[in-house]
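Structure file run-v5.cif (mmCIF, C-alpha atoms) follows.
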data_target
#
loop_
_atom_site.label_atom_id
_atom_site.label_comp_id
_atom_site.auth_asym_id
_atom_site.auth_seq_id
_atom_site.Cartn_x
_atom_site.Cartn_y
_atom_site.Cartn_z
CA MET S 1 -50.12 -10.73 -14.49
CA ALA S 2 -48.63 -13.23 -16.86
CA ASP S 3 -50.49 -16.30 -17.86
CA ARG S 4 -49.05 -19.13 -15.94
CA SER S 5 -48.24 -22.36 -17.68
CA PRO S 6 -47.70 -25.53 -15.69
CA TYR S 7 -43.98 -24.97 -16.02
CA GLU S 8 -44.18 -21.56 -14.43
CA MET S 9 -45.72 -23.15 -11.43
CA ASN S 10 -42.86 -25.62 -11.15
CA PRO S 11 -40.34 -24.02 -8.81
CA GLU S 12 -37.64 -26.56 -9.56
CA PHE S 13 -37.86 -25.97 -13.30
CA GLU S 14 -37.74 -22.24 -12.74
CA ARG S 15 -34.76 -22.59 -10.46
CA LEU S 16 -32.89 -24.62 -13.05
CA ILE S 17 -33.53 -21.97 -15.69
CA VAL S 18 -32.19 -19.26 -13.43
CA ARG S 19 -29.15 -21.28 -12.47
CA GLN S 20 -28.40 -21.82 -16.11
CA LEU S 21 -28.81 -18.11 -16.83
CA ASP S 22 -26.37 -17.35 -14.05
CA GLU S 23 -23.98 -20.02 -15.25
CA MET S 24 -24.23 -21.70 -11.91
CA ALA S 25 -25.87 -24.91 -13.01
CA THR S 26 -23.99 -28.12 -12.44
CA PRO S 27 -23.56 -30.60 -15.31
CA ASP S 28 -26.34 -32.75 -13.87
CA GLU S 29 -28.65 -29.76 -13.65
CA GLU S 30 -27.80 -28.76 -17.18
CA LEU S 31 -28.60 -32.25 -18.36
CA ALA S 32 -31.92 -32.37 -16.56
CA LEU S 33 -32.93 -28.97 -17.86
CA ASN S 34 -31.93 -29.72 -21.44
CA ARG S 35 -33.86 -32.98 -21.42
CA GLU S 36 -36.96 -31.13 -20.38
CA LEU S 37 -36.42 -28.37 -22.92
CA ILE S 38 -36.00 -30.89 -25.73
CA ARG S 39 -38.98 -32.87 -24.66
CA ASN S 40 -41.44 -30.03 -24.20
CA PRO S 41 -41.81 -26.98 -26.48
CA GLN S 42 -43.81 -25.12 -23.84
CA ALA S 43 -40.94 -25.37 -21.42
CA ARG S 44 -38.58 -24.28 -24.15
CA ALA S 45 -40.68 -21.17 -24.85
CA LEU S 46 -40.74 -20.26 -21.19
CA ALA S 47 -36.97 -20.67 -20.82
CA GLU S 48 -36.45 -18.61 -23.93
CA GLU S 49 -38.58 -15.82 -22.50
CA TYR S 50 -36.59 -15.84 -19.28
CA ARG S 51 -33.39 -15.70 -21.27
CA ARG S 52 -34.59 -12.82 -23.44
CA ILE S 53 -35.72 -10.70 -20.50
CA ASP S 54 -32.56 -11.49 -18.61
CA GLY S 55 -30.50 -10.40 -21.59
CA LEU S 56 -32.38 -7.13 -21.83
CA ALA S 57 -31.97 -6.56 -18.11
CA HIS S 58 -28.30 -7.31 -18.32
CA ASP S 59 -27.75 -4.91 -21.19
CA ALA S 60 -29.76 -2.19 -19.50
CA LEU S 61 -27.90 -2.55 -16.23
CA ILE S 62 -24.47 -2.68 -17.82
CA ARG S 63 -25.29 0.37 -19.88
CA PHE S 64 -26.60 2.19 -16.87
CA ALA S 65 -23.64 1.27 -14.69
CA SER S 66 -21.12 2.33 -17.29
CA ALA S 67 -22.98 5.41 -18.49
CA ALA S 68 -22.14 7.69 -15.58
CA PRO S 69 -23.38 10.86 -17.28
CA ASN S 70 -22.17 12.83 -14.30
CA SER S 71 -18.85 11.25 -13.47
CA PRO S 72 -17.59 11.85 -9.98
CA ASN S 73 -16.00 15.22 -9.46
CA LEU S 74 -12.67 14.16 -8.04
CA ALA S 75 -11.56 17.71 -7.40
CA GLN S 76 -14.62 18.22 -5.25
CA ILE S 77 -14.08 14.90 -3.50
CA THR S 78 -10.48 15.51 -2.59
CA ARG S 79 -11.25 19.07 -1.58
CA SER S 80 -14.14 18.06 0.61
CA GLN S 81 -12.00 17.16 3.56
CA GLU S 82 -10.07 20.40 3.38
CA THR S 83 -13.19 22.52 3.18
CA ALA S 84 -14.87 20.39 5.79
CA SER S 85 -12.05 21.18 8.15
CA VAL S 86 -12.56 24.91 7.90
CA PRO S 87 -15.72 25.02 9.97
CA ARG S 88 -14.04 22.91 12.61
CA TYR S 89 -11.28 25.44 12.94
CA SER S 90 -13.69 28.33 12.79
CA ARG S 91 -15.61 26.80 15.65
CA MET S 92 -12.38 26.74 17.69
CA TRP S 93 -11.69 30.44 17.42
CA TRP S 94 -12.17 30.87 21.14
CA LEU S 95 -9.57 28.28 22.05
CA LEU S 96 -6.43 30.38 21.75
CA PRO S 97 -7.69 33.43 23.67
CA SER S 98 -9.17 31.17 26.30
CA ALA S 99 -5.91 29.33 26.73
CA MET S 100 -4.04 32.60 27.05
CA ALA S 101 -6.52 33.90 29.61
CA ALA S 102 -6.26 30.68 31.58
CA ALA S 103 -2.47 30.89 31.57
CA VAL S 104 -2.59 34.46 32.86
CA ALA S 105 -5.06 33.48 35.54
CA ILE S 106 -2.84 30.62 36.68
CA MET S 107 0.18 32.88 36.83
CA VAL S 108 -1.67 35.45 38.90
CA THR S 109 -3.13 32.84 41.22
CA PHE S 110 0.11 31.06 41.89
CA ARG S 111 2.35 34.06 41.69
CA GLY S 112 3.22 33.67 45.35
CA THR S 113 4.75 30.29 44.83
CA MET S 114 6.09 30.49 41.33
CA LEU S 115 7.97 33.74 41.04
CA PRO S 116 11.48 34.15 42.46
CA GLU S 117 10.50 37.22 44.47
CA SER S 118 8.27 35.06 46.56
CA ARG S 119 11.07 32.97 47.93
CA PRO S 120 11.29 33.02 51.71
CA ALA S 121 13.44 35.73 53.13
CA TRP S 122 15.83 33.24 54.59
CA THR S 123 16.96 32.05 51.20
CA VAL S 124 19.93 33.63 49.57
CA PRO S 125 19.00 36.87 47.87
CA SER S 126 18.64 36.63 44.18
CA GLN S 127 21.83 37.46 42.40
CA GLY S 128 22.09 35.01 39.62
CA SER S 129 20.00 32.99 37.31
CA PHE S 130 16.97 31.25 38.74
CA THR S 131 17.13 28.40 36.36
CA SER S 132 18.82 25.11 36.65
CA THR S 133 22.05 26.08 35.07
CA ALA S 134 25.07 23.88 34.94
CA LEU S 135 28.08 25.19 36.70
CA PRO S 136 30.54 26.96 34.45
CA SER S 137 33.42 24.89 33.30
CA GLY S 138 36.44 25.20 35.47
CA THR S 139 34.40 25.66 38.59
CA SER S 140 33.29 23.15 41.12
CA ALA S 141 30.25 23.17 43.26
CA GLN S 142 30.77 23.63 46.95
CA GLU S 143 28.47 22.50 49.63
CA PRO S 144 24.99 23.87 49.29
CA ILE S 145 24.75 26.98 51.31
CA ARG S 146 21.06 26.61 51.88
CA ALA S 147 18.43 24.19 50.82
CA ALA S 148 14.79 25.04 51.06
CA SER S 149 12.82 21.86 51.22
CA GLY S 150 9.13 21.57 51.63
CA LEU S 151 8.23 24.88 50.06
CA ARG S 152 4.59 25.14 49.27
CA PRO S 153 4.33 23.37 45.98
CA ALA S 154 2.74 24.95 42.97
CA ASN S 155 0.32 22.09 42.90
CA ARG S 156 -0.47 19.13 44.98
CA ASP S 157 1.68 16.73 43.04
CA LEU S 158 4.94 18.62 43.00
CA ASP S 159 7.33 19.67 45.67
CA SER S 160 9.60 22.52 44.64
CA GLU S 161 13.03 22.92 46.13
CA VAL S 162 15.48 25.70 45.55
CA MET S 163 19.16 25.52 46.26
CA GLY S 164 21.92 28.06 46.03
CA VAL S 165 25.43 26.97 45.21
CA VAL S 166 28.44 29.24 45.37
CA GLY S 167 30.93 28.67 42.66
CA GLU S 168 34.66 29.19 42.97
CA ASP S 169 34.32 32.49 41.20
CA GLY S 170 32.00 33.67 43.92
CA SER S 171 28.88 33.62 41.81
CA ILE S 172 25.76 32.12 43.23
CA TYR S 173 23.95 29.56 41.12
CA TRP S 174 20.32 28.88 41.86
CA ILE S 175 19.05 25.42 41.26
CA GLU S 176 15.34 24.70 41.25
CA VAL S 177 14.18 21.13 41.50
CA ASP S 178 10.62 19.90 41.19
CA ARG S 179 9.93 16.54 42.72
CA THR S 180 6.79 14.51 43.05
CA ARG S 181 5.54 15.02 46.56
CA THR S 182 6.37 12.18 48.90
CA VAL S 183 5.64 11.60 52.56
CA ARG S 184 8.64 12.58 54.59
CA ASP S 185 9.73 11.50 57.95
CA PRO S 186 9.61 14.69 60.04
CA LYS S 187 12.63 13.57 62.02
CA ALA S 188 14.75 13.14 58.95
CA ASP S 189 17.00 15.87 57.68
CA SER S 190 14.94 17.93 55.33
CA SER S 191 17.85 19.31 53.42
CA VAL S 192 18.47 17.85 50.09
CA ARG S 193 21.89 17.61 48.66
CA LEU S 194 22.25 17.72 44.98
CA THR S 195 24.75 15.65 43.21
CA SER S 196 25.95 16.28 39.74
CA GLY S 197 23.68 13.49 38.57
CA ASP S 198 20.63 15.39 39.76
CA MET S 199 21.43 18.38 37.67
CA MET C 1 -30.38 -14.97 -26.83
CA THR C 2 -26.89 -15.13 -25.55
CA LYS C 3 -25.71 -12.47 -23.24
CA PRO C 4 -22.10 -11.70 -22.64
CA MET C 5 -21.59 -12.14 -18.96
CA PRO C 6 -18.79 -10.00 -17.61
CA ARG C 7 -15.70 -11.70 -16.47
CA PRO C 8 -16.29 -12.71 -12.89
CA ASP C 9 -14.87 -9.90 -10.88
CA ALA C 10 -12.42 -11.64 -8.67
CA PHE C 11 -11.90 -10.14 -5.29
CA ASP C 12 -8.66 -8.76 -6.49
CA ALA C 13 -5.99 -7.11 -4.50
CA GLU C 14 -5.93 -3.35 -4.50
CA ASP C 15 -3.67 -3.02 -1.49
CA ALA C 16 -1.21 -0.67 -3.12
CA VAL C 17 -3.90 1.60 -4.50
CA ILE C 18 -5.75 1.70 -1.19
CA GLU C 19 -2.57 2.60 0.62
CA ALA C 20 -1.82 5.29 -1.93
CA ILE C 21 -5.28 6.76 -1.43
CA ALA C 22 -4.71 6.71 2.30
CA ALA C 23 -1.52 8.66 1.63
CA ARG C 24 -3.71 11.26 -0.12
CA ASP C 25 -2.73 10.35 -3.66
CA ARG C 26 -5.46 11.82 -5.85
CA TYR C 27 -4.29 9.97 -8.92
CA ALA C 28 -4.72 6.72 -7.06
CA LEU C 29 -8.27 7.69 -6.21
CA ASP C 30 -8.94 8.55 -9.84
CA ASP C 31 -7.58 5.18 -10.89
CA PHE C 32 -9.64 3.40 -8.25
CA VAL C 33 -12.82 5.21 -9.24
CA ARG C 34 -12.40 4.36 -12.91
CA ARG C 35 -12.05 0.68 -12.17
CA HIS C 36 -14.88 0.31 -9.71
CA GLN C 37 -17.39 2.97 -10.59
CA GLY C 38 -19.53 0.55 -12.57
CA TRP C 39 -20.29 -1.89 -9.82
CA VAL C 40 -20.58 0.84 -7.22
CA ARG C 41 -23.26 2.42 -9.39
CA GLY C 42 -24.86 -0.97 -9.61
CA VAL C 43 -24.89 -1.38 -5.85
CA VAL C 44 -26.39 2.06 -5.34
CA PHE C 45 -29.04 1.48 -7.98
CA GLY C 46 -29.76 -1.99 -6.61
CA VAL C 47 -30.44 -0.59 -3.17
CA LEU C 48 -31.97 2.73 -4.11
CA GLY C 49 -33.90 1.80 -7.23
CA ARG C 50 -34.03 5.42 -8.37
CA PRO C 51 -31.85 6.05 -11.41
CA ASN C 52 -32.13 9.81 -11.07
CA ALA C 53 -30.51 9.84 -7.66
CA VAL C 54 -27.71 7.38 -8.30
CA ASP C 55 -25.06 9.84 -9.46
CA ASP C 56 -25.33 12.04 -6.41
CA VAL C 57 -25.11 9.07 -4.09
CA VAL C 58 -22.13 7.66 -5.95
CA GLN C 59 -20.40 10.99 -5.55
CA GLN C 60 -21.00 10.74 -1.82
CA VAL C 61 -19.55 7.24 -1.82
CA TRP C 62 -16.29 8.35 -3.38
CA THR C 63 -16.13 11.27 -1.01
CA SER C 64 -16.49 8.82 1.85
CA VAL C 65 -13.74 6.67 0.40
CA TRP C 66 -11.40 9.65 0.34
CA GLU C 67 -12.30 10.79 3.82
CA ARG C 68 -12.56 7.44 5.57
CA VAL C 69 -9.96 5.28 3.88
CA GLY C 70 -7.88 5.64 7.02
CA GLU C 71 -10.46 3.59 8.86
CA LEU C 72 -9.77 0.61 6.63
CA ARG C 73 -7.32 -1.33 8.73
CA ASP C 74 -6.91 -4.24 6.34
CA PRO C 75 -6.50 -3.01 2.75
CA ARG C 76 -7.32 -6.50 1.50
CA ALA C 77 -10.85 -6.03 2.82
CA TRP C 78 -11.44 -3.03 0.58
CA ARG C 79 -14.25 -4.56 -1.42
CA PRO C 80 -16.69 -5.38 1.42
CA TRP C 81 -15.75 -2.04 2.95
CA LEU C 82 -16.56 -0.20 -0.26
CA TYR C 83 -19.74 -2.23 -0.70
CA ARG C 84 -20.92 -1.21 2.76
CA LEU C 85 -20.09 2.43 2.09
CA ALA C 86 -22.11 2.33 -1.12
CA ARG C 87 -24.97 0.41 0.40
CA ASN C 88 -25.22 2.62 3.48
CA ALA C 89 -25.09 5.76 1.35
CA ALA C 90 -27.88 4.39 -0.84
CA VAL C 91 -29.99 3.42 2.16
CA ASP C 92 -29.55 6.87 3.68
CA ALA C 93 -30.38 8.53 0.38
CA GLY C 94 -33.46 6.36 0.03
CA ARG C 95 -34.68 7.40 3.45
CA GLU C 96 -34.05 11.03 2.69
CA LEU C 97 -35.86 10.82 -0.62
CA THR C 98 -38.78 9.06 1.00
CA ARG C 99 -38.96 11.73 3.67
CA ARG C 100 -38.90 14.49 1.09
CA ARG C 101 -41.53 12.81 -1.01
CA LYS C 102 -43.73 12.46 2.01
CA PHE C 103 -43.70 16.15 2.82
CA SER C 104 -43.35 17.77 -0.55
CA ARG C 105 -45.36 17.04 -3.61
CA VAL C 106 -43.02 19.12 -5.71
CA LEU C 107 -40.04 17.07 -4.66
CA GLN C 108 -42.05 13.95 -5.21
CA ASN C 109 -42.49 14.86 -8.83
CA GLU C 110 -38.81 15.65 -9.18
CA PHE C 111 -37.29 12.69 -7.38
CA GLY C 112 -39.96 10.08 -7.62
CA SER C 113 -40.60 10.30 -11.32
CA ARG C 114 -39.64 7.45 -13.54
CA GLY C 115 -39.52 7.35 -17.27
CA GLN C 116 -39.65 11.09 -17.71
CA ALA C 117 -38.17 12.45 -20.90
CA THR C 118 -36.00 14.92 -19.00
CA ARG C 119 -34.05 12.47 -16.89
CA PRO C 120 -30.39 12.49 -17.81
CA GLU C 121 -29.72 8.78 -18.14
CA SER C 122 -32.47 8.39 -20.71
CA ALA C 123 -30.03 9.81 -23.22
CA ALA C 124 -27.66 6.97 -22.52
CA MET C 125 -30.26 4.34 -23.19
CA GLU C 126 -30.07 3.03 -26.71
CA SER C 127 -33.48 1.57 -26.90
CA GLU C 128 -36.87 2.11 -25.44
CA ALA C 129 -36.91 -1.53 -24.43
CA GLN C 130 -33.89 -1.07 -22.20
CA ARG C 131 -35.47 1.94 -20.57
CA VAL C 132 -38.62 -0.03 -19.88
CA VAL C 133 -36.58 -2.90 -18.48
CA LEU C 134 -34.55 -0.59 -16.27
CA ASP C 135 -37.74 0.89 -14.91
CA ALA C 136 -39.05 -2.58 -14.26
CA ILE C 137 -35.88 -3.46 -12.37
CA ALA C 138 -36.21 -0.25 -10.39
CA GLY C 139 -39.72 -1.32 -9.51
CA LEU C 140 -38.60 -4.59 -7.96
CA PRO C 141 -38.55 -4.74 -4.19
CA ALA C 142 -35.07 -3.90 -2.91
CA LEU C 143 -34.92 -7.33 -1.36
CA TYR C 144 -34.76 -8.88 -4.82
CA ARG C 145 -33.36 -6.00 -6.81
CA GLU C 146 -30.07 -5.76 -4.98
CA PRO C 147 -28.73 -9.28 -5.61
CA PHE C 148 -30.12 -9.15 -9.13
CA VAL C 149 -28.16 -6.00 -9.94
CA LEU C 150 -25.03 -7.29 -8.24
CA ARG C 151 -25.24 -10.46 -10.29
CA HIS C 152 -25.64 -8.65 -13.60
CA VAL C 153 -23.42 -5.62 -13.16
CA ASN C 154 -20.60 -7.34 -11.37
CA GLY C 155 -20.93 -10.89 -12.58
CA TRP C 156 -20.41 -12.08 -9.05
CA SER C 157 -21.12 -15.65 -8.06
CA TYR C 158 -23.84 -16.55 -5.63
CA GLN C 159 -21.19 -17.11 -3.01
CA GLN C 160 -19.61 -13.70 -3.52
CA ILE C 161 -22.98 -11.99 -3.32
CA ALA C 162 -23.82 -13.96 -0.21
CA ASP C 163 -20.54 -12.97 1.40
CA LEU C 164 -21.08 -9.30 0.69
CA MET C 165 -24.73 -9.26 1.69
CA GLU C 166 -23.99 -11.48 4.66
CA MET C 167 -26.69 -14.00 3.92
CA PRO C 168 -26.83 -17.70 3.03
CA VAL C 169 -26.15 -18.69 -0.55
CA ASP C 170 -29.56 -20.35 -0.74
CA SER C 171 -31.20 -17.03 0.08
CA VAL C 172 -29.31 -15.34 -2.73
CA GLU C 173 -30.45 -17.96 -5.18
CA THR C 174 -34.05 -17.76 -4.00
CA ARG C 175 -34.06 -14.00 -4.37
CA LEU C 176 -32.59 -14.20 -7.85
CA VAL C 177 -35.26 -16.66 -8.91
CA ARG C 178 -38.02 -14.45 -7.53
CA ALA C 179 -36.48 -11.36 -9.10
CA ARG C 180 -36.61 -13.05 -12.51
CA ARG C 181 -40.16 -14.15 -11.97
CA MET C 182 -41.35 -10.70 -10.88
CA LEU C 183 -39.45 -9.04 -13.70
CA ARG C 184 -41.00 -11.34 -16.25
CA GLU C 185 -44.44 -10.66 -14.87
CA SER C 186 -44.00 -6.91 -14.80
CA LEU C 187 -42.66 -6.85 -18.36
CA GLN C 188 -45.35 -9.08 -19.79
CA GLY C 189 -46.48 -7.51 -23.05
CA LYS C 190 -44.15 -4.50 -22.72
CA VAL C 191 -41.00 -5.74 -24.38
#
Can you present the structure in this file as structure tokens?
Amino acid sequence: MADRSPYEMNPEFERLIVRQLDEMATPDEELALNRELIRNPQARALAEEYRRIDGLAHDALIRFASAAPNSPNLAQITRSQETASVPRYSRMWWLLPSAMAAAVAIMVTFRGTMLPESRPAWTVPSQGSFTSTALPSGTSAQEPIRAASGLRPANRDLDSEVMGVVGEDGSIYWIEVDRTRTVRDPKADSSVRLTSGDM
Amino acid sequence: MTKPMPRPDAFDAEDAVIEAIAARDRYALDDFVRRHQGWVRGVVFGVLGRPNAVDDVVQQVWTSVWERVGELRDPRAWRPWLYRLARNAAVDAGRELTRRRKFSRVLQNEFGSRGQATRPESAAMESEAQRVVLDAIAGLPALYREPFVLRHVNGWSYQQIADLMEMPVDSVETRLVRARRMLRESLQGKV
């Protein structure tokens, strides 16, 4: 432990020294400190010791901060994210096969409502495409020959409807429409007519 | 003895560089590291107080910058963001080192040693006096060491230190005074 002089025990004097070292002292503080340093050699010796140690500390810290014997490995830094992502992908190896299995399971489960062969017998037999295909140019749609409304939907939110339209060339065009299920009035006509805007 | 204080490091704008890093520009990161490595090392040393472990922690800090720069919503706030990254990394490293030292005497000797002839930064020290002083600084309580290092390495004002450490300016000043006092006492008769 250092020998303490009366000045060391004076917190205000010590604070002024430190503020001066940090170049934070106001002109008034500088004046007060300098007056004391001029007046008292003991105070001057103490301030000089603070300044010497602070200078050594400053030099040591600056040297340490700028030394960086092992400078950052930028290649390793910028590669870290790429390599870090590998384990994430490797942990997801099961995702693709699981998704495929789930898709197969869904198709098998809902095969009765999703595949064209499952359409009710009273619908027009399949002869053409089962997709929503625009009518060929030069033809016009006639009245729907049959509209199947209220088929069991593939899920609770959708209501699938299938319509067959005979073109002027005699071909049958199947139109499948999925609608969000709504509550229908049972007395209302359940047939749905498609307009060109719906297609 | 006059000491050349570094030019006060203004809280300058690095918006363009930060955005370039976010766009995965490695040259921008290199540029950024070169400019700010010194004070980041100072922050880590100020918190950790273990010169031997500083380089590894600093490496972690720059890795975090590269990986997490996307989280920085306001590029103008890069400096407090980087300070927190460095400080948190140093705190985590300090905990880890403490845990290792607690359970392994071998690791204690390796990580907890100070002033050993084999430590790498000793080669960078020009004088024995500086090494002794650095050890004395490392021996300060973190409470006082951190603002002391920030002040010296970065040349930041009391207000800037207070802003970064999220404490009143008066507290910064008090800690700096106590740091000087403790340092003087610990170095009595050594330098």
Exercise for review: Write out as JSON, numbers by chain each polymer residue whose atoms come within 8 Å of region 59-68 of chain C, counting only C-alpha atoms; drop sequence neighbours fewer than 6 positions from it.
Suggested key: {"S": [72, 73, 77, 78, 80, 81], "C": [21, 22, 24, 29, 33, 82, 85, 86, 89]}
If you take only C-alpha atoms and a cut-off of 7 Å, which residues of chain C touch chain S, and what are their nearest atom pairs and distances in Å to one decimal, in chain and number order, as a Markdown table?
| residue | atom | partner | partner_atom | distance |
| --- | --- | --- | --- | --- |
| C:Met1 | CA | S:Arg52 | CA | 5.8 |
| C:Lys3 | CA | S:Gly55 | CA | 5.5 |
| C:Asp30 | CA | S:Leu74 | CA | 7.0 |
| C:Gly38 | CA | S:Ala65 | CA | 4.7 |
| C:Trp39 | CA | S:Ala65 | CA | 6.7 |
| C:Arg41 | CA | S:Ala65 | CA | 5.4 |
| C:Gly42 | CA | S:Ala65 | CA | 5.7 |
| C:Asp55 | CA | S:Asn70 | CA | 6.4 |
| C:Gln59 | CA | S:Pro72 | CA | 5.3 |
| C:Trp62 | CA | S:Ile77 | CA | 6.9 |
| C:Thr63 | CA | S:Ile77 | CA | 4.9 |
| C:Trp66 | CA | S:Thr78 | CA | 6.6 |
| C:Glu67 | CA | S:Gln81 | CA | 6.4 |
| C:Glu121 | CA | S:Pro69 | CA | 6.7 |
| C:Ala124 | CA | S:Ala67 | CA | 6.4 |
| C:Gln130 | CA | S:Ala60 | CA | 5.1 |
| C:Val133 | CA | S:Ala57 | CA | 5.9 |
| C:Leu134 | CA | S:Ala60 | CA | 6.0 |
| C:His152 | CA | S:His58 | CA | 5.6 |
| C:Val153 | CA | S:Ile62 | CA | 5.6 |
| C:Val177 | CA | S:Val18 | CA | 6.1 |
| C:Arg184 | CA | S:Ile53 | CA | 6.8 |
| C:Glu185 | CA | S:Ala2 | CA | 5.3 |
| C:Gln188 | CA | S:Ala2 | CA | 6.0 |
Point to revise | Atom pair CA of Ala138 (chain C) / CA of Arg100 (chain C): separation (Å) | key: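 Taking CA of Ala138 (chain C) as the start and CA of Arg100 (chain C) as the end point, the length is 18.9 Å.
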Exercise for review: To one decimal in Å, tell me the separation between CA of Met167 (chain C) and CA of Val91 (chain C).
Suggested key: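 Straight-line distance from CA of Met167 (chain C) to CA of Val91 (chain C) works out to 17.8 Å.
Between CA of Trp81 (chain C) and CA of Ala13 (chain C) there is a distance of 13.3 Å.
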Exercise for review: Take the PyMOL selection byres ((chain S and resi 34-37) around 12), apply it to the structure above, and return the hits as a list in words.
Suggested key: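 When the PyMOL selection byres ((chain S and resi 34-37) around 12) is applied to the shown file, the picked residues are Tyr7, Glu12, Phe13, Glu14, Leu16, Ile17, Gln20, Ala25, Pro27, Asp28, Glu29, Glu30, Leu31, Ala32, Leu33, Ile38, Arg39, Asn40, Pro41, Gln42, Ala43, Arg44, Ala45, Leu46, Ala47 and Glu48 of chain S.
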Review point. If I put a ball of radius 12 Å at (-7.3, -2.9, 5.2) in the file's coordinates, which residues poke into it when counting all atoms listed in the file, written as a list of chain:residue names?
Key: C:Ala13, C:Glu14, C:Asp15, C:Ala16, C:Val17, C:Ile18, C:Glu19, C:Ile21, C:Ala22, C:Arg68, C:Val69, C:Gly70, C:Glu71, C:Leu72, C:Arg73, C:Asp74, C:Pro75, C:Arg76, C:Ala77, C:Trp78, C:Arg79, C:Pro80, C:Trp81, C:Leu82
With C-alpha atoms retained, export the selected residues as a tab-separated table (two decimals), in the coordinates of the input.
chain	number	residue	atom	x	y	z
C	13	ALA	CA	-5.99	-7.11	-4.50
C	14	GLU	CA	-5.93	-3.35	-4.50
C	15	ASP	CA	-3.67	-3.02	-1.49
C	16	ALA	CA	-1.21	-0.67	-3.12
C	17	VAL	CA	-3.90	1.60	-4.50
C	18	ILE	CA	-5.75	1.70	-1.19
C	19	GLU	CA	-2.57	2.60	0.62
C	21	ILE	CA	-5.28	6.76	-1.43
C	22	ALA	CA	-4.71	6.71	2.30
C	68	ARG	CA	-12.56	7.44	5.57
C	69	VAL	CA	-9.96	5.28	3.88
C	70	GLY	CA	-7.88	5.64	7.02
C	71	GLU	CA	-10.46	3.59	8.86
C	72	LEU	CA	-9.77	0.61	6.63
C	73	ARG	CA	-7.32	-1.33	8.73
C	74	ASP	CA	-6.91	-4.24	6.34
C	75	PRO	CA	-6.50	-3.01	2.75
C	76	ARG	CA	-7.32	-6.50	1.50
C	77	ALA	CA	-10.85	-6.03	2.82
C	78	TRP	CA	-11.44	-3.03	0.58
C	79	ARG	CA	-14.25	-4.56	-1.42
C	80	PRO	CA	-16.69	-5.38	1.42
C	81	TRP	CA	-15.75	-2.04	2.95
C	82	LEU	CA	-16.56	-0.20	-0.26
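Distance check against Glu96 (chain C) using all atoms listed in the file: of C:Val44, C:Ala53, C:Ala136, C:Val172, the minimum falls on C:Ala53.
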**Study point:** Residues returned when the PyMOL selection byres ((chain C and resi 94) around 9) runs on this file, as a list of chain:residue names
**Key:** C:Val47, C:Leu48, C:Gly49, C:Arg50, C:Ala53, C:Ala89, C:Ala90, C:Val91, C:Asp92, C:Ala93, C:Arg95, C:Glu96, C:Leu97, C:Thr98, C:Arg99
Practice item. Tell me which of C:Ile161, C:Val191, C:Val57, C:Ala129 sits closest to Glu173 (chain C), counting only C-alpha atoms. Key: C:Ile161
